[in-house]
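Asker: I'd like to ask some things about the structure below.
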Amino acid sequence: MYDIIIIGGGPAGLSAAVYAARACLDTLLLEKQPMGGGQILNTAEVDNYLGFFDTNGFELGQKFTEHAQHLGVKPLMEEVVRIDCIGAVKKVVTEKQEYETKNIIYAAGAGHRKLGVPGEEEFAGKGVSYCATCDGAFFRGKTVAVIGGGDVALEDALFLANVCRKVFLIHRRDTFRGAKTLVERVNAVENIETVVDTVAKEISGEDTVKGLVCMDVKTGGQKSLAVDGVFIAVGMVPHTQLLEGQVKLDQNGYVIAGEDCKASVDGVFAVGDVRTKKVRQIVTAVSDGAVAVAGI
Ligand code: NAP
């Protein structure tokens with residue numbers, strides 16, 4: 001019987017592991033990926049995490065993991081397939097074993113939201129990508145489109161502009177949701193063309209992507225852009241399916257929990273991007289991990 005099982009080895013889960021280790025709580029950290037760090041592993045540039053002004057997500061993720069390991073945390077690489085969290089003794093079932101624990105810190109993060117247009121599924125991995133830092137190099141010297149208006153879309157456009165001949169940044173409104181500094185940087189780059197008030201209607205091609213059909217939302221007019229790749233960056237969907245029917249989720253699937261990270265069931269804490277909150281950043285994920293352990 002563990003004191004805590006932490007599910008997920010991103011910044012929130014690793015921070016919880018550090019605090020749990022320092023509190024001498026009997027803790028198990030389960031992570032399905034071979035490498036800890038979660039979503040930040042694919043972030044090209046991180047310049048807003050205090051103390052690290054010149055780093056990338058991979059490096060920071062490794063540092064977080066090393067820190068937890070230095071304090072004796074041994075993450076187990078097992079995917080959780082079922083959770084029973086209602087009673088005092090909670091069960092966490094992986095594809096290999098069943099574990100019992102008094103508390104669960106749920107830090108499973110979020111995945112990429114799909115755009116839901118024709119061609120998206122057909123050309124996934126054949127020109128359609130959700131990760132510019134992973135796949136950008138395949139588009140060296142080519143023309144690509146990035147879809148979205150948040151921090152990720154802006155960062156992806158900047159990253160791809162260094163690799164590609166031309167980048168169209170397509171956003172459905174006329175103002176970007178992402179940080180002003182990123183917008184300014186995007187506007188200053190010659191080979192990025194912003195296409196606002198515009199939605200993607202269809203991704204077309206043969207064996208691989210060849211074009212993107214777009215529609216101006218104000219005029220209804222359609223046009224086709226000749227592109228070799230489409231990078232979709234339209235936000236995230238929380239990985240909370242394992243908690244469905246057990247803890248309260250909001251209409252978008254986030255675990256309803258306040259700043260104390262306590263979910264609607266005793267002994268269950270939601271930390272990082274799975275929790276209802278206004279600011280989803282590394283710093284707030286790390287903070288959640290500490291707060292959750294303090295509440296045990
Ligand atoms: P986000 O901030 O939720 O932005 C998603 C963008 O996609 C929005 O511009 C949204 O448009 C657009 N969108 C959503 N659904 C769409 C659809 N069906 N068709 C077309 N456009 C659609 O998501 P994110 O950029 O993935 O960022 C996630 C979180 O991580 C945010 O809190 C962000 O601040 C944080 N983050 C921070 C950093 C950093 O600080 N360096 C880096 C990366 C991510 P609308 O604007 O019209 O809603």
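To be explicit about the labels: the chains of the structure tokens are called A, B, and onward in the order shown, and within each one the residues are counted from 1, while ligands get numbers from 1 in the order they are shown.
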Determine, counting only C-alpha atoms, which protein, DNA and RNA residues have an atom within 12 Å of an atom of Asp84 in chain A; residues of the same chain fewer than 4 positions away are not included. Present the result as a list in words.
Answerer: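 In the requested form, the answer reads Val80, Ala88, Val89, Lys90, Lys91, Val92, Val93, Thr94, Glu98, Tyr99, Glu100, Thr101, Lys102, Asn103, Ile104, Leu242, Leu243, Glu244, Gly245, Gln246, Val247, Val265, Gly267 and Val268 of chain A.
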Asker: Which protein, DNA or RNA residues have an atom within 7 Å of ligand 1, counting only C-alpha atoms and all ligand atoms, as a PyMOL selection string?
Answerer: chain A and resi 46-48+115+147-153+171-173+176-178+199+233-236+279-281
Asker: Pick out the closest residue to Phe159 in chain A from this set: A:Ala124, A:Ala110, A:Ala44, A:Leu225. Count only C-alpha atoms.
Answerer: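 Using only C-alpha atoms, the shortest distance to Phe159 in chain A belongs to A:Ala44.
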Asker: Quick one: DSSP helix (DSSP H, G or I) residues in range 145-197 of chain A, as a ChimeraX atom specification?
Answerer: /A:151-161,180-187
Asker: Export all heavy atoms of the chosen residues as a CSV table (one decimal), in the first residue's frame?
Answerer:
```
chain,number,residue,atom,x,y,z
A,151,ASP,N,0.1,30.2,-28.0
A,151,ASP,CA,1.5,30.2,-27.9
A,151,ASP,C,2.2,29.1,-28.7
A,151,ASP,O,3.2,29.4,-29.4
A,151,ASP,CB,1.9,30.0,-26.4
A,151,ASP,CG,1.7,31.2,-25.5
A,151,ASP,OD1,1.7,32.3,-26.0
A,151,ASP,OD2,1.4,31.0,-24.3
A,152,VAL,N,1.5,28.0,-28.8
A,152,VAL,CA,2.2,26.9,-29.5
A,152,VAL,C,2.2,27.1,-31.0
A,152,VAL,O,3.3,27.0,-31.6
A,152,VAL,CB,1.4,25.5,-29.2
A,152,VAL,CG1,1.9,24.4,-30.1
A,152,VAL,CG2,1.6,25.1,-27.7
A,153,ALA,N,1.1,27.7,-31.5
A,153,ALA,CA,1.1,28.0,-33.0
A,153,ALA,C,2.2,29.0,-33.3
A,153,ALA,O,2.9,28.9,-34.3
A,153,ALA,CB,-0.3,28.5,-33.4
A,154,LEU,N,2.3,30.1,-32.5
A,154,LEU,CA,3.2,31.1,-32.7
A,154,LEU,C,4.7,30.6,-32.6
A,154,LEU,O,5.5,30.9,-33.5
A,154,LEU,CB,3.0,32.3,-31.7
A,154,LEU,CG,1.7,33.0,-31.8
A,154,LEU,CD1,1.4,33.8,-30.6
A,154,LEU,CD2,1.7,34.0,-33.0
A,155,GLU,N,4.9,29.8,-31.6
A,155,GLU,CA,6.3,29.2,-31.4
A,155,GLU,C,6.6,28.2,-32.6
A,155,GLU,O,7.7,28.2,-33.1
A,155,GLU,CB,6.4,28.4,-30.1
A,155,GLU,CG,6.5,29.4,-28.9
A,155,GLU,CD,6.6,28.7,-27.6
A,155,GLU,OE1,6.5,27.4,-27.5
A,155,GLU,OE2,6.9,29.4,-26.6
A,156,ASP,N,5.6,27.5,-33.0
A,156,ASP,CA,5.8,26.5,-34.1
A,156,ASP,C,6.1,27.3,-35.4
A,156,ASP,O,7.0,26.9,-36.1
A,156,ASP,CB,4.5,25.7,-34.4
A,156,ASP,CG,4.4,24.6,-33.4
A,156,ASP,OD1,5.2,24.5,-32.5
A,156,ASP,OD2,3.4,23.8,-33.4
A,157,ALA,N,5.4,28.4,-35.6
A,157,ALA,CA,5.7,29.2,-36.8
A,157,ALA,C,7.1,29.7,-36.8
A,157,ALA,O,7.8,29.7,-37.8
A,157,ALA,CB,4.7,30.4,-36.9
A,158,LEU,N,7.5,30.2,-35.6
A,158,LEU,CA,8.9,30.8,-35.5
A,158,LEU,C,9.9,29.7,-35.8
A,158,LEU,O,10.9,29.8,-36.5
A,158,LEU,CB,9.1,31.4,-34.1
A,158,LEU,CG,8.4,32.7,-33.9
A,158,LEU,CD1,8.4,33.1,-32.4
A,158,LEU,CD2,9.1,33.8,-34.7
A,159,PHE,N,9.7,28.5,-35.2
A,159,PHE,CA,10.6,27.4,-35.3
A,159,PHE,C,10.7,27.0,-36.8
A,159,PHE,O,11.8,26.8,-37.4
A,159,PHE,CB,10.2,26.2,-34.4
A,159,PHE,CG,11.0,25.0,-34.6
A,159,PHE,CD1,12.2,24.9,-33.9
A,159,PHE,CD2,10.6,23.9,-35.4
A,159,PHE,CE1,13.0,23.8,-34.0
A,159,PHE,CE2,11.4,22.8,-35.6
A,159,PHE,CZ,12.6,22.7,-34.8
A,160,LEU,N,9.5,26.8,-37.4
A,160,LEU,CA,9.5,26.4,-38.8
A,160,LEU,C,10.1,27.4,-39.8
A,160,LEU,O,10.6,27.0,-40.8
A,160,LEU,CB,8.1,26.0,-39.2
A,160,LEU,CG,7.5,24.8,-38.5
A,160,LEU,CD1,6.0,24.7,-38.6
A,160,LEU,CD2,8.2,23.5,-39.0
A,161,ALA,N,10.0,28.7,-39.5
A,161,ALA,CA,10.5,29.7,-40.3
A,161,ALA,C,12.0,29.6,-40.5
A,161,ALA,O,12.6,30.0,-41.5
A,161,ALA,CB,10.2,31.1,-39.8
A,180,LYS,N,2.1,38.4,-26.5
A,180,LYS,CA,2.4,39.6,-27.4
A,180,LYS,C,3.8,39.5,-27.9
A,180,LYS,O,4.1,39.9,-29.1
A,180,LYS,CB,2.2,40.9,-26.6
A,180,LYS,CG,0.7,41.3,-26.5
A,180,LYS,CD,0.6,42.8,-26.2
A,180,LYS,CE,-0.9,43.2,-26.1
A,180,LYS,NZ,-1.5,42.7,-24.9
A,181,THR,N,4.8,39.1,-27.1
A,181,THR,CA,6.2,39.1,-27.5
A,181,THR,C,6.3,38.1,-28.7
A,181,THR,O,7.1,38.4,-29.6
A,181,THR,CB,7.1,38.7,-26.4
A,181,THR,OG1,6.6,37.5,-25.8
A,181,THR,CG2,7.3,39.7,-25.3
A,182,LEU,N,5.6,37.0,-28.6
A,182,LEU,CA,5.7,36.0,-29.7
A,182,LEU,C,5.0,36.6,-31.0
A,182,LEU,O,5.6,36.4,-32.1
A,182,LEU,CB,5.0,34.7,-29.3
A,182,LEU,CG,5.7,33.9,-28.2
A,182,LEU,CD1,4.8,32.7,-27.8
A,182,LEU,CD2,7.0,33.3,-28.8
A,183,VAL,N,3.9,37.3,-30.8
A,183,VAL,CA,3.3,37.9,-32.0
A,183,VAL,C,4.2,38.9,-32.6
A,183,VAL,O,4.3,38.9,-33.9
A,183,VAL,CB,1.9,38.6,-31.5
A,183,VAL,CG1,1.3,39.3,-32.7
A,183,VAL,CG2,1.0,37.6,-30.9
A,184,GLU,N,4.9,39.7,-31.8
A,184,GLU,CA,5.8,40.7,-32.4
A,184,GLU,C,6.9,40.0,-33.1
A,184,GLU,O,7.3,40.4,-34.2
A,184,GLU,CB,6.4,41.5,-31.3
A,184,GLU,CG,5.5,42.7,-30.8
A,184,GLU,CD,5.9,43.3,-29.5
A,184,GLU,OE1,7.0,43.1,-29.1
A,184,GLU,OE2,5.0,44.0,-29.0
A,185,ARG,N,7.4,38.9,-32.5
A,185,ARG,CA,8.5,38.2,-33.2
A,185,ARG,C,8.0,37.6,-34.5
A,185,ARG,O,8.7,37.6,-35.6
A,185,ARG,CB,9.1,37.1,-32.3
A,185,ARG,CG,10.0,37.7,-31.2
A,185,ARG,CD,10.4,36.6,-30.2
A,185,ARG,NE,11.1,35.5,-30.8
A,185,ARG,CZ,11.3,34.3,-30.2
A,185,ARG,NH1,10.9,34.1,-29.0
A,185,ARG,NH2,12.0,33.4,-30.8
A,186,VAL,N,6.8,37.0,-34.5
A,186,VAL,CA,6.3,36.4,-35.7
A,186,VAL,C,6.1,37.5,-36.8
A,186,VAL,O,6.5,37.3,-38.0
A,186,VAL,CB,4.9,35.8,-35.4
A,186,VAL,CG1,4.1,35.6,-36.7
A,186,VAL,CG2,5.1,34.4,-34.8
A,187,ASN,N,5.6,38.7,-36.4
A,187,ASN,CA,5.4,39.8,-37.4
A,187,ASN,C,6.7,40.3,-38.0
A,187,ASN,O,6.7,40.8,-39.1
A,187,ASN,CB,4.7,40.9,-36.7
A,187,ASN,CG,3.2,40.6,-36.5
A,187,ASN,OD1,2.7,39.7,-37.2
A,187,ASN,ND2,2.6,41.2,-35.5
```
Asker: Applying 8 Å and only C-alpha atoms, which residues near Asp266 in chain A remain after dropping the ones on its own chain fewer than 3 positions away? List them as a short mmCIF file (atom, residue, chain, number, x, y, z; two decimals) with N, CA, C and O atoms, in the first residue's frame.
Answerer:
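What follows is the written file part.cif:
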```
data_model
loop_
_atom_site.label_atom_id
_atom_site.label_comp_id
_atom_site.auth_asym_id
_atom_site.auth_seq_id
_atom_site.Cartn_x
_atom_site.Cartn_y
_atom_site.Cartn_z
N ILE A 86 -12.65 5.61 -5.73
CA ILE A 86 -13.76 6.09 -4.89
C ILE A 86 -13.52 5.81 -3.40
O ILE A 86 -13.73 6.68 -2.57
N ALA A 88 -11.43 4.43 0.31
CA ALA A 88 -10.23 4.88 1.04
C ALA A 88 -8.98 4.21 0.46
O ALA A 88 -7.91 4.82 0.40
N LYS A 262 -7.48 19.56 -4.99
CA LYS A 262 -8.30 18.43 -4.52
C LYS A 262 -9.46 18.21 -5.47
O LYS A 262 -10.26 19.12 -5.71
N ALA A 263 -9.57 17.00 -5.98
CA ALA A 263 -10.69 16.65 -6.85
C ALA A 263 -11.92 16.37 -5.98
O ALA A 263 -11.86 16.45 -4.75
#
```
Asker: As an exercise, work out the distance from CA of Ile232 in chain A to CA of Ser129 in chain A in Å and give it to one decimal place.
Answerer: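 Going from CA of Ile232 in chain A over to CA of Ser129 in chain A, I get 6.3 Å.
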Asker: I'd like the neighbourhood of range 201-213 of chain A as a PyMOL selection string, where a residue qualifies if any of its atoms comes within 10 Å (using only C-alpha atoms), though same-chain residues fewer than 5 positions away should be ignored.
Answerer: chain A and resi 115-128+143-145+222-230
Asker: As an exercise, work out the distance from CA of Pro34 in chain A to CA of Phe58 in chain A in Å and give it to one decimal place.
Answerer: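 Distance reported for this atom pair: 13.1 Å.
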Asker: Within range 125-270 of chain A, find each residue whose DSSP state, derived from the backbone, is strand (DSSP E or B), and express the selection as an NGL selection string.
Answerer: :A and (128-129 or 143-147 or 166-170 or 192-195 or 198-205 or 209-216 or 222-226 or 229-232 or 236-238 or 249 or 255 or 262 or 268-270)
Asker: So which residues touch Ala20 in chain A within 10 Å, counting only C-alpha atoms, skipping near sequence neighbours fewer than 6 positions away, as an MDAnalysis selection string?
Answerer: chainID A and resid 3:4 6 14 26:28 68 71 73 289:290 292:294 296
Asker: Restricting the output to all heavy atoms, write the selected residues as a JSON list (two decimals), in the first residue's frame.
Answerer:
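Result written to result_7.json:
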```json
[["chain", "number", "residue", "atom", "x", "y", "z"],
["A", 3, "ASP", "N", 1.59, 5.41, -0.01],
["A", 3, "ASP", "CA", 0.96, 6.65, 0.46],
["A", 3, "ASP", "C", 0.40, 7.40, -0.74],
["A", 3, "ASP", "O", -0.70, 7.94, -0.68],
["A", 3, "ASP", "CB", 2.00, 7.54, 1.18],
["A", 3, "ASP", "CG", 2.44, 6.95, 2.50],
["A", 3, "ASP", "OD1", 1.57, 6.42, 3.23],
["A", 3, "ASP", "OD2", 3.65, 6.99, 2.79],
["A", 4, "ILE", "N", 1.21, 7.45, -1.80],
["A", 4, "ILE", "CA", 0.81, 8.20, -3.00],
["A", 4, "ILE", "C", 1.20, 7.43, -4.26],
["A", 4, "ILE", "O", 2.34, 6.93, -4.34],
["A", 4, "ILE", "CB", 1.56, 9.56, -3.11],
["A", 4, "ILE", "CG1", 1.48, 10.37, -1.82],
["A", 4, "ILE", "CG2", 1.03, 10.37, -4.29],
["A", 4, "ILE", "CD1", 2.34, 11.64, -1.85],
["A", 6, "ILE", "N", 1.60, 8.60, -8.11],
["A", 6, "ILE", "CA", 1.57, 9.75, -9.03],
["A", 6, "ILE", "C", 1.43, 9.18, -10.43],
["A", 6, "ILE", "O", 2.23, 8.31, -10.83],
["A", 6, "ILE", "CB", 2.86, 10.59, -8.92],
["A", 6, "ILE", "CG1", 3.03, 11.13, -7.49],
["A", 6, "ILE", "CG2", 2.85, 11.72, -9.93],
["A", 6, "ILE", "CD1", 4.42, 11.69, -7.21],
["A", 14, "LEU", "N", 6.48, 15.20, -11.65],
["A", 14, "LEU", "CA", 7.85, 15.16, -11.12],
["A", 14, "LEU", "C", 8.01, 16.09, -9.92],
["A", 14, "LEU", "O", 8.69, 15.75, -8.95],
["A", 14, "LEU", "CB", 8.86, 15.50, -12.21],
["A", 14, "LEU", "CG", 9.03, 14.41, -13.27],
["A", 14, "LEU", "CD1", 9.81, 14.95, -14.47],
["A", 14, "LEU", "CD2", 9.74, 13.18, -12.70],
["A", 26, "ASP", "N", 5.76, 7.15, 1.08],
["A", 26, "ASP", "CA", 6.01, 5.98, 0.23],
["A", 26, "ASP", "C", 5.29, 6.22, -1.11],
["A", 26, "ASP", "O", 4.04, 6.20, -1.17],
["A", 26, "ASP", "CB", 5.46, 4.75, 0.95],
["A", 26, "ASP", "CG", 6.00, 3.48, 0.33],
["A", 26, "ASP", "OD1", 6.90, 3.56, -0.53],
["A", 26, "ASP", "OD2", 5.51, 2.40, 0.70],
["A", 27, "THR", "N", 6.06, 6.47, -2.13],
["A", 27, "THR", "CA", 5.49, 7.01, -3.39],
["A", 27, "THR", "C", 5.89, 6.17, -4.59],
["A", 27, "THR", "O", 7.03, 5.74, -4.71],
["A", 27, "THR", "CB", 6.01, 8.46, -3.60],
["A", 27, "THR", "OG1", 5.68, 9.22, -2.46],
["A", 27, "THR", "CG2", 5.38, 9.10, -4.82],
["A", 28, "LEU", "N", 4.92, 5.99, -5.49],
["A", 28, "LEU", "CA", 5.20, 5.34, -6.77],
["A", 28, "LEU", "C", 4.86, 6.33, -7.88],
["A", 28, "LEU", "O", 3.78, 6.94, -7.85],
["A", 28, "LEU", "CB", 4.34, 4.08, -6.91],
["A", 28, "LEU", "CG", 4.37, 3.36, -8.26],
["A", 28, "LEU", "CD1", 5.76, 2.78, -8.54],
["A", 28, "LEU", "CD2", 3.33, 2.24, -8.31],
["A", 68, "ALA", "N", 14.30, 14.55, -9.48],
["A", 68, "ALA", "CA", 13.48, 13.56, -8.77],
["A", 68, "ALA", "C", 14.30, 12.30, -8.48],
["A", 68, "ALA", "O", 14.26, 11.77, -7.36],
["A", 68, "ALA", "CB", 12.24, 13.23, -9.60],
["A", 71, "LEU", "N", 16.67, 12.46, -5.60],
["A", 71, "LEU", "CA", 16.05, 12.32, -4.27],
["A", 71, "LEU", "C", 15.51, 10.91, -4.05],
["A", 71, "LEU", "O", 14.78, 10.66, -3.09],
["A", 71, "LEU", "CB", 14.92, 13.35, -4.11],
["A", 71, "LEU", "CG", 15.39, 14.81, -4.05],
["A", 71, "LEU", "CD1", 14.21, 15.76, -4.04],
["A", 71, "LEU", "CD2", 16.26, 15.05, -2.82],
["A", 73, "VAL", "N", 13.57, 9.02, -6.20],
["A", 73, "VAL", "CA", 12.35, 8.60, -6.93],
["A", 73, "VAL", "C", 12.76, 7.69, -8.08],
["A", 73, "VAL", "O", 13.69, 8.01, -8.82],
["A", 73, "VAL", "CB", 11.61, 9.85, -7.49],
["A", 73, "VAL", "CG1", 10.41, 9.43, -8.32],
["A", 73, "VAL", "CG2", 11.23, 10.79, -6.36],
["A", 289, "GLY", "N", 2.10, 20.44, -8.18],
["A", 289, "GLY", "CA", 2.71, 19.23, -7.61],
["A", 289, "GLY", "C", 3.04, 19.42, -6.14],
["A", 289, "GLY", "O", 2.78, 18.55, -5.30],
["A", 290, "ALA", "N", 3.59, 20.59, -5.82],
["A", 290, "ALA", "CA", 3.97, 20.88, -4.43],
["A", 290, "ALA", "C", 2.73, 21.02, -3.55],
["A", 290, "ALA", "O", 2.65, 20.46, -2.45],
["A", 290, "ALA", "CB", 4.79, 22.17, -4.39],
["A", 292, "ALA", "N", -0.30, 19.81, -3.97],
["A", 292, "ALA", "CA", -1.01, 18.54, -3.76],
["A", 292, "ALA", "C", -0.36, 17.74, -2.63],
["A", 292, "ALA", "O", -1.05, 17.24, -1.74],
["A", 292, "ALA", "CB", -1.02, 17.73, -5.06],
["A", 293, "VAL", "N", 0.96, 17.64, -2.65],
["A", 293, "VAL", "CA", 1.64, 16.85, -1.60],
["A", 293, "VAL", "C", 1.42, 17.50, -0.23],
["A", 293, "VAL", "O", 1.20, 16.80, 0.76],
["A", 293, "VAL", "CB", 3.14, 16.68, -1.93],
["A", 293, "VAL", "CG1", 3.87, 16.01, -0.77],
["A", 293, "VAL", "CG2", 3.31, 15.87, -3.21],
["A", 294, "ALA", "N", 1.42, 18.82, -0.21],
["A", 294, "ALA", "CA", 1.19, 19.51, 1.07],
["A", 294, "ALA", "C", -0.21, 19.23, 1.61],
["A", 294, "ALA", "O", -0.45, 19.33, 2.82],
["A", 294, "ALA", "CB", 1.39, 21.01, 0.88],
["A", 296, "ILE", "N", -1.71, 16.35, 1.62],
["A", 296, "ILE", "CA", -1.87, 14.93, 1.99],
["A", 296, "ILE", "C", -1.58, 14.74, 3.47],
["A", 296, "ILE", "O", -0.64, 15.30, 3.99],
["A", 296, "ILE", "CB", -0.96, 14.05, 1.10],
["A", 296, "ILE", "CG1", -1.60, 13.96, -0.30],
["A", 296, "ILE", "CG2", -0.77, 12.66, 1.69],
["A", 296, "ILE", "CD1", -0.76, 13.31, -1.35]]
```
Asker: For Val255 in chain A, list every protein, DNA or RNA residue within 12 Å, evaluated using only C-alpha atoms, and leave out those in the same chain fewer than 3 positions away; present the list as a count of residues only.
Answerer: 38
Asker: For Gly61 in chain A, which of A:Met77, A:Ile282, A:Val291, A:Leu25 is the closest residue, counting only C-alpha atoms?
Answerer: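 Smallest distance to Gly61 in chain A is found for A:Ile282.
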Asker: So, with only C-alpha atoms as the atoms that count, which of A:Arg22, A:His70, A:Lys166, A:Lys63 lies closest to Met35 in chain A?
Answerer: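 Counting only C-alpha atoms, the residue closest to Met35 in chain A is A:Lys63.
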Asker: Counting only C-alpha atoms, which residue out of A:Glu45, A:Glu59, A:Glu259, A:Glu78 sits closest to Glu31 in chain A?
Answerer: A:Glu78
Asker: For Val18 in chain A, which residue out of A:Cys214, A:Phe53, A:Phe231, A:Val286 is the nearest one, using only C-alpha atoms?
Answerer: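 For Val18 in chain A, the nearest of the given residues is A:Val286.
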